[in-house]
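Peer 1: Just passing along the structure, written as structure tokens.
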Amino acid sequence: MKPRSLKPTWRAVLRVLLPAAVIAAIIGAWQIAAANGAIAEALSIEPFLVPSPAEVGDALWDSRTLLLENAWVTLREILLGLLAGVLLGIGLSILMRFSRTLRDAVYPLTVALQAVPIVVIAPILVIWFGYGIWPKVIIVALACFFPITVTTLDGFRSVDPEAVKMMRTLDASRRQIFTRVEAPSALPSFFSGAKVAVAIAPIVALFAELAGSNSGLMRLIVEDNNNFHEARVFAAAVVLAVIGVLLVGLTALAQRLVVTWR
Amino acid sequence: MSVVARGLSHAYGELRSLDSIELEAPPGEVVAFVGPSGCGKSTLLEIACGLREPSAGTISVEGATDAKGRLSHCAYMPQRDLLLPWFSALDNAGLALRNRGVGRAEARGRAGELFERFGLAGFEGSWPQELSGGMRQRVAFLRTLVAGKPVLLLDEPFASLDAISRAEMQEWLAGALRADGRTVLLVSHDLEEALYLADRVLVLSSRPGRVVKELTAPDPRAADRDGAVTDPAFVAAREAALRALHAGAR
């Protein structure tokens with residue numbers, strides 16, 4: 001028997017509607033459970049510690065300026081860190097592509113650096129660089145350059161040797177082989193690394209803020225949590241989720257625009 | 001002489017791949033090498049175009065004996081089309097010009113002039129992945145021609161195609177080669193293809209490859225491939241080559 005299949009247009013509509021319905025159902029259930037105190041009762045805590053989605057929405061609106069100010073601080077840390085990480089990752093992978101010696105010398109250190117937990121480095125950098133934005137940018141960059149370096153380098157190595165040979169017979173110089181064959185070949189791998197970097201960057205930025213900061217979403221979350229202002233903690237989480245989804249979405253979009261041949 | 005090899009041998013470490021190859025190809029001749037898999041046919045082409053050096057003996061292309069000189073006189077068409085998926089058909093065809101520093105517009109213009117003749121008119125802007133196997137091979141051949149070298153090296157140009165497109169492409173290539181008049185070294189494991197496309201066929205033994213038989217292709221050939229390959233002279237030449245191939249494979 002033929003499996004039942006839907007028309008592509010319906011499939012596309014459902015792909016938007018279904019997740020929206022799931023999210024709506026969860027929010028609805030949470031609203032009911034929070035409003036009648038069921039969650040607080042189950043956890044044996046005071047009902048004001050369990051904000052309903054409506055209260056979170058109120059907090060989002062009432063504290064919009066505060067949230068946006070702090071979100072901008074965190075977003076800047078993420079973006080600057082990502083930018084530095086991407087540039088560092090691309091630069092290092094290109095250098096390692098061209099110098100076997102450099103690769104042998106530096107690659108183990110890159111891996112070792114990655115093995116040191118961010119939680120450990122963050123407080124040290126705060127001591128060294130103060131409470132400002134730079135320790136956060138450095139930590140995000142350190143965390144992000146590794147996946148990009150490794151995947152981009154793999155991309156260079158995955159180049160079809162026959163294509164390189166073909167280019168040599170077409171009088172290509174070393175540089176032309178790099179720009180016309182190796183670099184485009186490595187782009188899909190680079191984007192795999194970039195997606196990982198973009199996914200971890202917000203988490204790393206929050207960790208860095210936790211280690212010491214005057215502003216930023218994590219700073220706000222810690223303060224609100226200490227003051228039992230739970231609705232705003234959830235509101236900050238919503239803002240973070242939006243930032244995360246936007247970053248991942250923009251990266252995927254960039255990949256679609258650049259890597260047109262897959 | 002366009003290509004001359006004397007006592008040409010090659011080994012990958014202990015593994016001997018080619019043994020004392022002698023060859024003299026005058027300008028404009030199409031020479032085919034036929035032999036079993038692994039007999040060093042592709043290695044021979046890679047040596048000719050300077051991607052490898054022989055272990056013993058000499059080879060010269062248009063008088064050049066060093067690798068760089070040979071490379072500058074040879075255009076090599078590998079087994080797979082190796083079209084770069086991030087360039088359009090036109091930009092792939094013009095790659096050699098771009099590599100030599102010709103501007104993008106001029107390279108496109110010069111490569112584009114050949115698209116019509118190769119049955120590719122209208123596909124200039126297509127991405128390689130949008131083209132059929134036969135069309136991709138034609139773009140790859142065009143890319144080799146546009147390089148403007150006096151010697152063409154074709155390594156099993158249609159090995160990746162199905163039988164029908166292959167026969168069509170052979171017919172097309174025979175016409176293109178006749179019209180072009182360049183010296184061609186062609187490698188194939190298909191006797192019929194070799195006899196149909198080449199003026200002369202050298203049958204190689206299994207590894208290490210040495211020339212066990214030299215055949216002159218029947219001439220003149222019928223214009224259409226079906227007519228040519230069923231001609232009694234062609235069938236006789238094919239039989240002789242087949243016997244040599246089997247004897248050499250033992």
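Labels for the structure tokens follow display order: chains A, B, ..., residues from 1 in each chain, ligands from 1.
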Enumerate, as a list in words, the complete set of residues in range 79-109 of chain B that a backbone-based DSSP assignment places in alpha helix (DSSP H).

Peer 2: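 The residues of range 79-109 of chain B classed as alpha helix (DSSP H) are Ala89, Leu90, Asp91, Asn92, Ala93, Leu95, Ala96, Leu97, Arg98, Asn99, Arg104, Ala105, Glu106, Ala107, Arg108 and Gly109 of chain B.
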
Peer 1: Near chain A, meaning an atom within 9 Å, which residues of chain B appear when counting only C-alpha atoms? Write them as number ranges by chain.

Peer 2: B: 49-51, 71-72, 74-78, 80, 82-86, 95-100, 127-129, 143-144, 147

Peer 1: Could the residues in this selection be written to a file with C-alpha atoms, as a PDB file, in the first residue's frame?

Peer 2:
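The result, written out as out28.pdb:
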```
ATOM      1  CA  CYS B  49      52.002  16.461 -18.589  1.00  0.00           C
ATOM      2  CA  GLY B  50      54.664  16.863 -15.936  1.00  0.00           C
ATOM      3  CA  LEU B  51      52.657  15.835 -12.876  1.00  0.00           C
ATOM      4  CA  LEU B  71      53.109  20.997 -18.244  1.00  0.00           C
ATOM      5  CA  SER B  72      53.105  24.195 -20.274  1.00  0.00           C
ATOM      6  CA  CYS B  74      49.872  19.755 -22.282  1.00  0.00           C
ATOM      7  CA  ALA B  75      46.223  20.053 -21.388  1.00  0.00           C
ATOM      8  CA  TYR B  76      44.984  17.136 -19.335  1.00  0.00           C
ATOM      9  CA  MET B  77      41.407  15.935 -19.143  1.00  0.00           C
ATOM     10  CA  PRO B  78      41.006  13.587 -16.175  1.00  0.00           C
ATOM     11  CA  ARG B  80      36.079  12.491 -13.885  1.00  0.00           C
ATOM     12  CA  LEU B  82      35.975  17.599 -12.001  1.00  0.00           C
ATOM     13  CA  LEU B  83      33.884  20.646 -12.817  1.00  0.00           C
ATOM     14  CA  LEU B  84      34.003  23.004  -9.855  1.00  0.00           C
ATOM     15  CA  PRO B  85      30.449  23.226  -8.478  1.00  0.00           C
ATOM     16  CA  TRP B  86      30.871  26.833  -7.333  1.00  0.00           C
ATOM     17  CA  LEU B  95      39.423  28.392 -15.829  1.00  0.00           C
ATOM     18  CA  ALA B  96      42.745  28.081 -17.666  1.00  0.00           C
ATOM     19  CA  LEU B  97      42.446  31.630 -19.001  1.00  0.00           C
ATOM     20  CA  ARG B  98      41.548  32.998 -15.563  1.00  0.00           C
ATOM     21  CA  ASN B  99      44.536  31.171 -14.070  1.00  0.00           C
ATOM     22  CA  ARG B 100      46.741  32.906 -16.605  1.00  0.00           C
ATOM     23  CA  TRP B 127      25.711  25.148 -12.611  1.00  0.00           C
ATOM     24  CA  PRO B 128      27.571  21.874 -13.244  1.00  0.00           C
ATOM     25  CA  GLN B 129      25.118  19.964 -11.060  1.00  0.00           C
ATOM     26  CA  ARG B 143      37.915  23.566 -20.523  1.00  0.00           C
ATOM     27  CA  THR B 144      40.826  21.446 -21.791  1.00  0.00           C
ATOM     28  CA  ALA B 147      43.661  26.038 -22.268  1.00  0.00           C
TER      29      ALA B 147
END
```

Peer 1: Do a neighbour search on range 177-180 of chain B at 10 Å with only C-alpha atoms, toss out local chain neighbours closer than 2 positions, and write the hits as a ChimeraX atom specification.

Peer 2: /B:28-30,145,152,172-175,182-184,197-198

Peer 1: For range 48-51 of chain A, work out the shell of residues within 6 Å, counting only C-alpha atoms and skipping chain neighbours fewer than 4 positions away, then give it as a list in words.

Peer 2: Glu55, Glu230 and Ala231 of chain A

Peer 1: Would you write out those residues with N, CA and C atoms, as a PDB file, in the first residue's frame?

Peer 2:
```pdb
ATOM      1  N   GLU A  55       2.497  36.507  33.624  1.00  0.00           N
ATOM      2  CA  GLU A  55       3.353  37.348  34.468  1.00  0.00           C
ATOM      3  C   GLU A  55       4.722  37.570  33.817  1.00  0.00           C
ATOM      4  N   GLU A 230      11.220  36.122  40.077  1.00  0.00           N
ATOM      5  CA  GLU A 230      11.308  35.006  39.127  1.00  0.00           C
ATOM      6  C   GLU A 230      10.737  35.334  37.750  1.00  0.00           C
ATOM      7  N   ALA A 231       9.697  36.169  37.709  1.00  0.00           N
ATOM      8  CA  ALA A 231       9.088  36.492  36.407  1.00  0.00           C
ATOM      9  C   ALA A 231      10.124  37.102  35.479  1.00  0.00           C
TER      10      ALA A 231
END
```

Peer 1: Applying 9 Å and only C-alpha atoms, which residues near range 92-95 of chain A remain after dropping the ones on its own chain fewer than 2 positions away? List them as a ChimeraX atom specification.

Peer 2: /A:87-90,97-100,102-103,145,148-154,156

Peer 1: Point out the residue among A:Arg256, A:Arg157, A:Lys7, A:Arg219 with the least atom-to-atom distance to Ala205 in chain A, counting only C-alpha atoms.

Peer 2: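 Of the candidates, the smallest distance to Ala205 in chain A is held by A:Arg219.
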
Peer 1: Mind checking which residues fall within 9 Å of Leu23 in chain B, counting only C-alpha atoms, ignoring those fewer than 4 positions away in the same chain, and posting them as a VMD selection string?

Peer 2: chain B and resid 3 to 8 59

Peer 1: Can those selected residues be exported to a file as a PDB file, in the first residue's frame so that it contains N, CA and C atoms?

Peer 2:
```pdb
ATOM      1  N   VAL B   3      55.244  14.519 -29.444  1.00  0.00           N
ATOM      2  CA  VAL B   3      55.543  13.823 -28.189  1.00  0.00           C
ATOM      3  C   VAL B   3      56.503  12.677 -28.497  1.00  0.00           C
ATOM      4  N   VAL B   4      57.615  12.606 -27.767  1.00  0.00           N
ATOM      5  CA  VAL B   4      58.584  11.530 -27.965  1.00  0.00           C
ATOM      6  C   VAL B   4      58.921  10.914 -26.614  1.00  0.00           C
ATOM      7  N   ALA B   5      58.765   9.579 -26.512  1.00  0.00           N
ATOM      8  CA  ALA B   5      59.181   8.877 -25.294  1.00  0.00           C
ATOM      9  C   ALA B   5      60.219   7.837 -25.688  1.00  0.00           C
ATOM     10  N   ARG B   6      61.294   7.755 -24.888  1.00  0.00           N
ATOM     11  CA  ARG B   6      62.357   6.784 -25.169  1.00  0.00           C
ATOM     12  C   ARG B   6      62.644   5.990 -23.902  1.00  0.00           C
ATOM     13  N   GLY B   7      62.409   4.685 -24.007  1.00  0.00           N
ATOM     14  CA  GLY B   7      62.713   3.809 -22.865  1.00  0.00           C
ATOM     15  C   GLY B   7      62.067   4.265 -21.574  1.00  0.00           C
ATOM     16  N   LEU B   8      60.862   4.812 -21.685  1.00  0.00           N
ATOM     17  CA  LEU B   8      60.194   5.413 -20.531  1.00  0.00           C
ATOM     18  C   LEU B   8      59.686   4.342 -19.558  1.00  0.00           C
ATOM     19  N   ILE B  59      61.120  11.657 -21.782  1.00  0.00           N
ATOM     20  CA  ILE B  59      59.925  12.017 -22.546  1.00  0.00           C
ATOM     21  C   ILE B  59      60.025  13.500 -22.868  1.00  0.00           C
TER      22      ILE B  59
END
```

Peer 1: Just want the 9 Å neighbourhood of Leu206 in chain A, counted on only C-alpha atoms, with same-chain residues fewer than 4 positions away dropped. Output as a list in words.

Peer 2: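 Once the nearby chain positions are removed, what remains is Thr74, Lys136, Ala201, Pro202, Leu210, Ala211, Gly216, Leu217, Met218 and Arg219 of chain A.
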
Peer 1: Please determine, counting only C-alpha atoms, which residue among A:Val106, A:Ala71, A:Val196, A:Ala25 has the shortest atom-to-atom distance to Ala241 in chain A.

Peer 2: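 Of A:Val106, A:Ala71, A:Val196, A:Ala25, the one nearest Ala241 in chain A, counting only C-alpha atoms, is A:Ala71.
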
Peer 1: Determine the nearest neighbour of Asp19 in chain B from the options B:Gly181, B:Pro208, B:Pro36, B:Gly248, counting only C-alpha atoms.

Peer 2: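 Among the listed residues, B:Pro208 lies closest to Asp19 in chain B.
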
Peer 1: May I have all residues of range 61-155 of chain B that DSSP, computed from the backbone, assigns to strand (DSSP E), given as a PyMOL selection string?

Peer 2: chain B and resi 61+74-77+151-155

Peer 1: For CA of Arg207 in chain B and CA of Ser37 in chain B, quote the distance in Å rounded to one decimal.

Peer 2: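 Separation between CA of Arg207 in chain B and CA of Ser37 in chain B: 8.6 Å.
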